[in-house]
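Contents: one structure, followed by commentary.
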Amino acid sequence: MMRAACLGPAGSYSELAARTLCPHADRVLCSTFSAVFDALEAGRADCAVIPIENSIQGGVLQNLDLLERRDAVAVAQTRLRIDHRLAVREGVRAEDITRIYSHEQAIGQCARFLDAHFPRAERIFTDSTAKSLSLLDAHSAGIVGAHTAAEGIVLSSENIADEKNNFTQFFLLRRRQEGIPSAGNTVFFVAVCEHRPGSLLALLQCFSSRGINLTRIESRPIPAVRGEYRFFIEIDASGGDVGGALQSAREGCRFFRILGVYD
């Protein structure tokens with residue numbers, strides 16, 4: 001039986017994404033994203049599922065960094081609608097709530113609701129949305145997915161997210177030594193340009209000159225190097241001289257690595 005590593009516990013959005021991307025796999029539930037990569041690299045899992053970008057808050061920065069430096073490559077992706085609900089134990093009143101538990105991204109995506117209804121409640125980050133269920137008591141609430149179910153827990157009847165049209169993109173990862181897919185309509189890579197005027201423009205022209213569209217670009221600081229950045233770029237690989245563009249980009253950059261090829 002195939003094993004898929006993802007962030008747990010059961011009921012997390014990552015576990016739901018794993019069920020979507022590899023429905024017949026046993027799930028290896030991990031406590032952190034680093035542990036998800038560890039399980040894949042050590043062979044305790046055959047594949048792994050991680051969130052990589054949210055339509056409201058942008059890239060999941062920790063996972064961008066992990067994907068860059070760890071032994072994994074994205075081979076498929078899916079987007080899930082994020083439907084956040086307020087979870088409380090049965091009988092808990094709103095006026096008694098002094099703490100709100102959830103993953104940092106979920107709390108950020110529900111900021112306006114929390115400001116309006118629980119302005120004095122402490123906001124406490126957990127490893128996942130589902131983790132907050134185990135912390136609930138008579139004075140706390142959690143933010144979980146609408147798909148979550150647990151005995152004695154009541155969910156709000158409506159989505160409490162500030163933006164209802166909210167999606168998260170998840171990657172299905174394989175070990176890099178198994179090979180990077182040679183076909184796919186999308187290529188995702190990271191590049192570090194030379195630190196001189198025009199170097200980013202030259203990188204982008206590798207694609208624009210061949211009629212290849214960029215569908216995403218995000219910058220991240222290079223640790224311990226002030227003022228220099230890595231660029232995470234996704235391109236539409238369905239047309240144009242993609243191989244030539246990638247080779248030209250690789251030759252013109254100080255660092256270049258393919259992070260995924262997928263549809």
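How things are named: the first chain in the structure tokens is A, the next is B, and so on; residues count from 1 in each chain; ligands count from 1 in the order shown.
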- Task: Excluding Leu204 (chain A) and residues on its chain fewer than 5 positions from it, collect all residues at most 9 Å away from it, counting only C-alpha atoms, and give them as a list in words.
- Result: Ser199, Ser209, Leu214 and Ala249 of chain A
Select from region 35-108 of chain A every residue with an atom at most 7 Å from any atom of region 14-26 of chain A, then for each give the shortest pair of atoms and their distance in Å to one decimal, using only C-alpha atoms, rows by chain and rising number, as a Markdown table.
```
| residue | atom | partner | partner_atom | distance |
| --- | --- | --- | --- | --- |
| A:Val49 | CA | A:Ala18 | CA | 5.8 |
| A:Ile50 | CA | A:Ser14 | CA | 6.4 |
| A:Pro51 | CA | A:Ser14 | CA | 6.8 |
```
Please produce a file of those selected residues containing N, CA and C atoms, as an mmCIF file, in the first residue's frame.
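Contents of again_21.cif, freshly written:
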```
data_model
loop_
_atom_site.group_PDB
_atom_site.id
_atom_site.type_symbol
_atom_site.label_atom_id
_atom_site.label_comp_id
_atom_site.auth_asym_id
_atom_site.auth_seq_id
_atom_site.Cartn_x
_atom_site.Cartn_y
_atom_site.Cartn_z
ATOM 1 N N VAL A 49 2.323 15.436 0.741
ATOM 2 C CA VAL A 49 1.413 16.498 0.322
ATOM 3 C C VAL A 49 1.635 17.711 1.225
ATOM 4 N N ILE A 50 1.856 18.874 0.601
ATOM 5 C CA ILE A 50 2.070 20.107 1.360
ATOM 6 C C ILE A 50 1.267 21.251 0.740
ATOM 7 N N PRO A 51 0.799 22.215 1.542
ATOM 8 C CA PRO A 51 0.238 23.438 0.966
ATOM 9 C C PRO A 51 1.367 24.344 0.500
#
```
- Neighbour list for Arg44 (chain A) as a list in words, cut-off 9 Å, only C-alpha atoms, skip fewer than 5 positions in-chain: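 So the residues in contact are Arg3, Ala4, Ala5, Val28, Asp38 and Ala39 of chain A.
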- Task: Please identify all polymer residues within 12 Å of region 98-103 of chain A, counting only C-alpha atoms, omitting same-chain residues fewer than 3 positions from it, and present them as a VMD selection string.
- Result: chain A and resid 7 to 8 12 to 14 32 60 84 to 88 92 to 95 106 to 111 113 to 115 117 to 145
- Selection: 8 Å around Arg210 (chain A), only C-alpha atoms, excl. self and same-chain fewer than 3 positions, as a VMD selection string: chain A and resid 206 to 207 240 to 242 245
I need the chosen residues saved as a PDB file, in the first residue's frame, with N, CA and C atoms.
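Full text of selection.pdb as output:
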```
ATOM      1  N   CYS A 206      14.158  35.528 -20.861  1.00  0.00           N
ATOM      2  CA  CYS A 206      14.345  34.157 -21.343  1.00  0.00           C
ATOM      3  C   CYS A 206      12.999  33.533 -21.715  1.00  0.00           C
ATOM      4  N   PHE A 207      11.945  33.956 -21.035  1.00  0.00           N
ATOM      5  CA  PHE A 207      10.616  33.399 -21.259  1.00  0.00           C
ATOM      6  C   PHE A 207       9.770  34.286 -22.154  1.00  0.00           C
ATOM      7  N   GLY A 240       5.595  27.099 -26.728  1.00  0.00           N
ATOM      8  CA  GLY A 240       6.877  27.780 -26.811  1.00  0.00           C
ATOM      9  C   GLY A 240       8.041  26.838 -26.559  1.00  0.00           C
ATOM     10  N   ASP A 241       9.242  27.360 -26.719  1.00  0.00           N
ATOM     11  CA  ASP A 241      10.467  26.584 -26.532  1.00  0.00           C
ATOM     12  C   ASP A 241      10.809  26.556 -25.049  1.00  0.00           C
ATOM     13  N   VAL A 242      10.081  25.731 -24.287  1.00  0.00           N
ATOM     14  CA  VAL A 242      10.243  25.704 -22.833  1.00  0.00           C
ATOM     15  C   VAL A 242      11.627  25.210 -22.451  1.00  0.00           C
ATOM     16  N   ALA A 245      14.160  27.913 -23.009  1.00  0.00           N
ATOM     17  CA  ALA A 245      14.008  28.992 -22.041  1.00  0.00           C
ATOM     18  C   ALA A 245      14.598  28.611 -20.690  1.00  0.00           C
TER      19      ALA A 245
END
```
- Message: My list of candidates is A:Arg89, A:Arg254, A:Arg81, A:Arg27. Which is closest to Leu200 (chain A) when distances are computed with only C-alpha atoms?
- Response: A:Arg254
- Item | Contacts of Asp71 (chain A) within 12 Å, only C-alpha atoms, excl. fewer than 2 positions in-chain, as number ranges by chain | A: 34, 36-43, 47-48, 65-69, 73-74, 173-180, 257-260
Save out the residues we just selected, C-alpha atoms, as a PDB file, in the first residue's frame.
```
ATOM      1  CA  SER A  34       9.686  19.550   8.230  1.00  0.00           C
ATOM      2  CA  VAL A  36       6.581  15.635   6.297  1.00  0.00           C
ATOM      3  CA  PHE A  37       9.763  16.086   4.247  1.00  0.00           C
ATOM      4  CA  ASP A  38      11.696  13.878   6.685  1.00  0.00           C
ATOM      5  CA  ALA A  39       9.187  11.052   6.231  1.00  0.00           C
ATOM      6  CA  LEU A  40       9.463  11.277   2.444  1.00  0.00           C
ATOM      7  CA  GLU A  41      13.258  11.429   2.349  1.00  0.00           C
ATOM      8  CA  ALA A  42      13.689   8.593   4.866  1.00  0.00           C
ATOM      9  CA  GLY A  43      11.363   6.287   2.911  1.00  0.00           C
ATOM     10  CA  CYS A  47       4.901  10.598  -1.479  1.00  0.00           C
ATOM     11  CA  ALA A  48       4.001  13.727   0.471  1.00  0.00           C
ATOM     12  CA  ASP A  65      12.011  27.251   1.697  1.00  0.00           C
ATOM     13  CA  LEU A  66      11.760  23.530   2.459  1.00  0.00           C
ATOM     14  CA  LEU A  67      11.007  22.627  -1.146  1.00  0.00           C
ATOM     15  CA  GLU A  68      14.041  24.584  -2.317  1.00  0.00           C
ATOM     16  CA  ARG A  69      16.532  22.797  -0.091  1.00  0.00           C
ATOM     17  CA  VAL A  73       9.954  17.623  -6.357  1.00  0.00           C
ATOM     18  CA  ALA A  74       6.299  18.427  -7.098  1.00  0.00           C
ATOM     19  CA  LEU A 173       5.761  15.473  -3.828  1.00  0.00           C
ATOM     20  CA  ARG A 174       8.054  12.596  -4.775  1.00  0.00           C
ATOM     21  CA  ARG A 175      11.697  12.042  -3.901  1.00  0.00           C
ATOM     22  CA  ARG A 176      13.920  13.976  -6.279  1.00  0.00           C
ATOM     23  CA  GLN A 177      16.227  11.026  -6.971  1.00  0.00           C
ATOM     24  CA  GLU A 178      13.276   9.223  -8.545  1.00  0.00           C
ATOM     25  CA  GLY A 179      13.471  11.783 -11.347  1.00  0.00           C
ATOM     26  CA  ILE A 180      11.840  15.046 -12.362  1.00  0.00           C
ATOM     27  CA  ARG A 257      16.592  24.535  -9.477  1.00  0.00           C
ATOM     28  CA  ILE A 258      13.445  22.933 -10.872  1.00  0.00           C
ATOM     29  CA  LEU A 259      10.965  22.434  -8.004  1.00  0.00           C
ATOM     30  CA  GLY A 260       8.094  20.847  -9.878  1.00  0.00           C
TER      31      GLY A 260
END
```
- Message: Here is a test: counting only C-alpha atoms, which residue of A:Phe255, A:Phe171, A:Phe188, A:Phe33 is nearest to Ala237 (chain A)?
- Response: A:Phe188
- May I ask for the distance between CA of Gln77 (chain A) and CA of Ile160 (chain A), given in Å to one decimal place?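 Here the two named atoms are 25.9 Å from each other.
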- Which neighbours of Phe256 (chain A) fall inside 8 Å, counting only C-alpha atoms, when residues of the same chain fewer than 4 positions from it are skipped, and could you give them as a ChimeraX atom specification? /A:189-192,249-250
Using N, CA and C atoms, can you write the selected residues to a file as a PDB file, in the first residue's frame?
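Result file follows (part.pdb):
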```pdb
ATOM      1  N   PHE A 189      10.073  26.719 -10.562  1.00  0.00           N
ATOM      2  CA  PHE A 189      11.507  26.684 -10.269  1.00  0.00           C
ATOM      3  C   PHE A 189      11.884  27.843  -9.360  1.00  0.00           C
ATOM      4  N   VAL A 190      13.090  27.766  -8.799  1.00  0.00           N
ATOM      5  CA  VAL A 190      13.647  28.842  -7.993  1.00  0.00           C
ATOM      6  C   VAL A 190      14.946  29.282  -8.650  1.00  0.00           C
ATOM      7  N   ALA A 191      15.190  30.589  -8.653  1.00  0.00           N
ATOM      8  CA  ALA A 191      16.384  31.133  -9.291  1.00  0.00           C
ATOM      9  C   ALA A 191      16.962  32.253  -8.436  1.00  0.00           C
ATOM     10  N   VAL A 192      18.289  32.350  -8.448  1.00  0.00           N
ATOM     11  CA  VAL A 192      18.997  33.474  -7.823  1.00  0.00           C
ATOM     12  C   VAL A 192      19.791  34.157  -8.925  1.00  0.00           C
ATOM     13  N   ALA A 249      17.775  30.314 -18.838  1.00  0.00           N
ATOM     14  CA  ALA A 249      17.629  30.846 -17.485  1.00  0.00           C
ATOM     15  C   ALA A 249      18.671  30.239 -16.556  1.00  0.00           C
ATOM     16  N   ARG A 250      18.873  28.935 -16.670  1.00  0.00           N
ATOM     17  CA  ARG A 250      19.852  28.251 -15.823  1.00  0.00           C
ATOM     18  C   ARG A 250      21.261  28.829 -16.041  1.00  0.00           C
TER      19      ARG A 250
END
```
- Query: Rounded to one decimal in Å, what is the spacing between CA of Ala202 (chain A) and CA of Ile233 (chain A)?
  - Reply: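 Taking CA of Ala202 (chain A) as the start and CA of Ile233 (chain A) as the end point, the length is 14.1 Å.
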- In Å, how far is it from CA of Tyr229 (chain A) to CA of Arg70 (chain A)?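 Interatomic distance here is 18.6 Å.
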If you run DSSP on this backbone, which residues of region 17-122 of chain A come out as alpha helix (DSSP H), and could you give them as a PDB file with N, CA and C atoms, in the first residue's frame?
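result.pdb was written with the following content:
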```
ATOM      1  N   ALA A  17      -6.362  17.209   1.447  1.00  0.00           N
ATOM      2  CA  ALA A  17      -5.672  17.287   0.156  1.00  0.00           C
ATOM      3  C   ALA A  17      -5.015  15.962  -0.194  1.00  0.00           C
ATOM      4  N   ALA A  18      -4.448  15.278   0.811  1.00  0.00           N
ATOM      5  CA  ALA A  18      -3.833  13.968   0.558  1.00  0.00           C
ATOM      6  C   ALA A  18      -4.875  12.965   0.090  1.00  0.00           C
ATOM      7  N   ARG A  19      -6.064  13.031   0.670  1.00  0.00           N
ATOM      8  CA  ARG A  19      -7.137  12.145   0.226  1.00  0.00           C
ATOM      9  C   ARG A  19      -7.531  12.447  -1.222  1.00  0.00           C
ATOM     10  N   THR A  20      -7.422  13.707  -1.618  1.00  0.00           N
ATOM     11  CA  THR A  20      -7.772  14.106  -2.981  1.00  0.00           C
ATOM     12  C   THR A  20      -6.704  13.682  -3.979  1.00  0.00           C
ATOM     13  N   LEU A  21      -5.428  13.908  -3.635  1.00  0.00           N
ATOM     14  CA  LEU A  21      -4.327  13.653  -4.566  1.00  0.00           C
ATOM     15  C   LEU A  21      -3.943  12.178  -4.637  1.00  0.00           C
ATOM     16  N   PHE A  33       5.691  20.514   9.063  1.00  0.00           N
ATOM     17  CA  PHE A  33       6.012  20.371   7.646  1.00  0.00           C
ATOM     18  C   PHE A  33       7.410  19.788   7.455  1.00  0.00           C
ATOM     19  N   SER A  34       8.347  20.151   8.317  1.00  0.00           N
ATOM     20  CA  SER A  34       9.686  19.550   8.230  1.00  0.00           C
ATOM     21  C   SER A  34       9.603  18.038   8.386  1.00  0.00           C
ATOM     22  N   ALA A  35       8.752  17.583   9.295  1.00  0.00           N
ATOM     23  CA  ALA A  35       8.593  16.143   9.508  1.00  0.00           C
ATOM     24  C   ALA A  35       7.979  15.464   8.291  1.00  0.00           C
ATOM     25  N   VAL A  36       7.140  16.188   7.538  1.00  0.00           N
ATOM     26  CA  VAL A  36       6.581  15.635   6.297  1.00  0.00           C
ATOM     27  C   VAL A  36       7.708  15.341   5.313  1.00  0.00           C
ATOM     28  N   PHE A  37       8.620  16.297   5.133  1.00  0.00           N
ATOM     29  CA  PHE A  37       9.763  16.086   4.247  1.00  0.00           C
ATOM     30  C   PHE A  37      10.676  14.980   4.775  1.00  0.00           C
ATOM     31  N   ASP A  38      10.869  14.932   6.085  1.00  0.00           N
ATOM     32  CA  ASP A  38      11.696  13.878   6.685  1.00  0.00           C
ATOM     33  C   ASP A  38      11.133  12.503   6.356  1.00  0.00           C
ATOM     34  N   ALA A  39       9.814  12.349   6.488  1.00  0.00           N
ATOM     35  CA  ALA A  39       9.187  11.052   6.231  1.00  0.00           C
ATOM     36  C   ALA A  39       9.374  10.631   4.780  1.00  0.00           C
ATOM     37  N   LEU A  40       9.274  11.590   3.864  1.00  0.00           N
ATOM     38  CA  LEU A  40       9.463  11.277   2.444  1.00  0.00           C
ATOM     39  C   LEU A  40      10.904  10.886   2.167  1.00  0.00           C
ATOM     40  N   GLU A  41      11.843  11.680   2.647  1.00  0.00           N
ATOM     41  CA  GLU A  41      13.258  11.429   2.349  1.00  0.00           C
ATOM     42  C   GLU A  41      13.764  10.148   2.986  1.00  0.00           C
ATOM     43  N   LEU A  61       5.387  30.282   3.122  1.00  0.00           N
ATOM     44  CA  LEU A  61       6.816  30.581   3.048  1.00  0.00           C
ATOM     45  C   LEU A  61       7.684  29.446   3.565  1.00  0.00           C
ATOM     46  N   GLN A  62       7.286  28.825   4.659  1.00  0.00           N
ATOM     47  CA  GLN A  62       8.069  27.722   5.205  1.00  0.00           C
ATOM     48  C   GLN A  62       8.216  26.601   4.183  1.00  0.00           C
ATOM     49  N   ASN A  63       7.148  26.319   3.447  1.00  0.00           N
ATOM     50  CA  ASN A  63       7.200  25.218   2.493  1.00  0.00           C
ATOM     51  C   ASN A  63       7.943  25.591   1.216  1.00  0.00           C
ATOM     52  N   LEU A  64       7.912  26.845   0.826  1.00  0.00           N
ATOM     53  CA  LEU A  64       8.761  27.280  -0.283  1.00  0.00           C
ATOM     54  C   LEU A  64      10.230  27.045   0.063  1.00  0.00           C
ATOM     55  N   ASP A  65      10.619  27.435   1.276  1.00  0.00           N
ATOM     56  CA  ASP A  65      12.011  27.251   1.697  1.00  0.00           C
ATOM     57  C   ASP A  65      12.379  25.776   1.787  1.00  0.00           C
ATOM     58  N   LEU A  66      11.478  24.963   2.334  1.00  0.00           N
ATOM     59  CA  LEU A  66      11.760  23.530   2.459  1.00  0.00           C
ATOM     60  C   LEU A  66      11.875  22.871   1.090  1.00  0.00           C
ATOM     61  N   LEU A  67      10.975  23.238   0.181  1.00  0.00           N
ATOM     62  CA  LEU A  67      11.007  22.627  -1.146  1.00  0.00           C
ATOM     63  C   LEU A  67      12.293  22.977  -1.887  1.00  0.00           C
ATOM     64  N   GLU A  68      12.805  24.174  -1.654  1.00  0.00           N
ATOM     65  CA  GLU A  68      14.041  24.584  -2.317  1.00  0.00           C
ATOM     66  C   GLU A  68      15.232  23.733  -1.879  1.00  0.00           C
ATOM     67  N   ARG A  69      15.308  23.421  -0.594  1.00  0.00           N
ATOM     68  CA  ARG A  69      16.532  22.797  -0.091  1.00  0.00           C
ATOM     69  C   ARG A  69      16.416  21.302   0.218  1.00  0.00           C
ATOM     70  N   GLU A 104      -1.592  29.503  11.989  1.00  0.00           N
ATOM     71  CA  GLU A 104      -1.352  30.926  11.765  1.00  0.00           C
ATOM     72  C   GLU A 104      -2.086  31.443  10.532  1.00  0.00           C
ATOM     73  N   GLN A 105      -2.074  30.680   9.441  1.00  0.00           N
ATOM     74  CA  GLN A 105      -2.727  31.151   8.224  1.00  0.00           C
ATOM     75  C   GLN A 105      -4.236  31.241   8.406  1.00  0.00           C
ATOM     76  N   ALA A 106      -4.830  30.283   9.096  1.00  0.00           N
ATOM     77  CA  ALA A 106      -6.280  30.318   9.316  1.00  0.00           C
ATOM     78  C   ALA A 106      -6.673  31.527  10.160  1.00  0.00           C
ATOM     79  N   ILE A 107      -5.910  31.808  11.196  1.00  0.00           N
ATOM     80  CA  ILE A 107      -6.207  32.975  12.033  1.00  0.00           C
ATOM     81  C   ILE A 107      -6.074  34.258  11.213  1.00  0.00           C
ATOM     82  N   GLY A 108      -5.044  34.337  10.379  1.00  0.00           N
ATOM     83  CA  GLY A 108      -4.879  35.506   9.528  1.00  0.00           C
ATOM     84  C   GLY A 108      -6.013  35.672   8.544  1.00  0.00           C
ATOM     85  N   GLN A 109      -6.539  34.565   8.018  1.00  0.00           N
ATOM     86  CA  GLN A 109      -7.606  34.628   7.027  1.00  0.00           C
ATOM     87  C   GLN A 109      -8.968  34.966   7.640  1.00  0.00           C
ATOM     88  N   ALA A 111      -9.192  37.313  10.258  1.00  0.00           N
ATOM     89  CA  ALA A 111      -8.841  38.428  11.135  1.00  0.00           C
ATOM     90  C   ALA A 111     -10.007  39.387  11.359  1.00  0.00           C
ATOM     91  N   ARG A 112     -10.737  39.738  10.315  1.00  0.00           N
ATOM     92  CA  ARG A 112     -11.828  40.697  10.473  1.00  0.00           C
ATOM     93  C   ARG A 112     -12.940  40.131  11.355  1.00  0.00           C
ATOM     94  N   PHE A 113     -13.254  38.877  11.182  1.00  0.00           N
ATOM     95  CA  PHE A 113     -14.269  38.235  12.019  1.00  0.00           C
ATOM     96  C   PHE A 113     -13.818  38.233  13.479  1.00  0.00           C
ATOM     97  N   LEU A 114     -12.571  37.878  13.726  1.00  0.00           N
ATOM     98  CA  LEU A 114     -12.078  37.835  15.102  1.00  0.00           C
ATOM     99  C   LEU A 114     -12.041  39.228  15.719  1.00  0.00           C
ATOM    100  N   ASP A 115     -11.638  40.215  14.927  1.00  0.00           N
ATOM    101  CA  ASP A 115     -11.619  41.591  15.437  1.00  0.00           C
ATOM    102  C   ASP A 115     -13.021  42.047  15.838  1.00  0.00           C
ATOM    103  N   ALA A 116     -14.022  41.654  15.073  1.00  0.00           N
ATOM    104  CA  ALA A 116     -15.388  42.098  15.319  1.00  0.00           C
ATOM    105  C   ALA A 116     -16.047  41.362  16.479  1.00  0.00           C
ATOM    106  N   HIS A 117     -15.769  40.066  16.615  1.00  0.00           N
ATOM    107  CA  HIS A 117     -16.499  39.254  17.588  1.00  0.00           C
ATOM    108  C   HIS A 117     -15.688  38.873  18.821  1.00  0.00           C
TER     109      HIS A 117
END
```
- All strand (DSSP E) residues (DSSP, backbone) inside region 79-236 of chain A, as a PyMOL selection string: chain A and resi 79-81+84-89+99-103+122-126+140-145+153-155+167-175+186-193+214-221+229-236
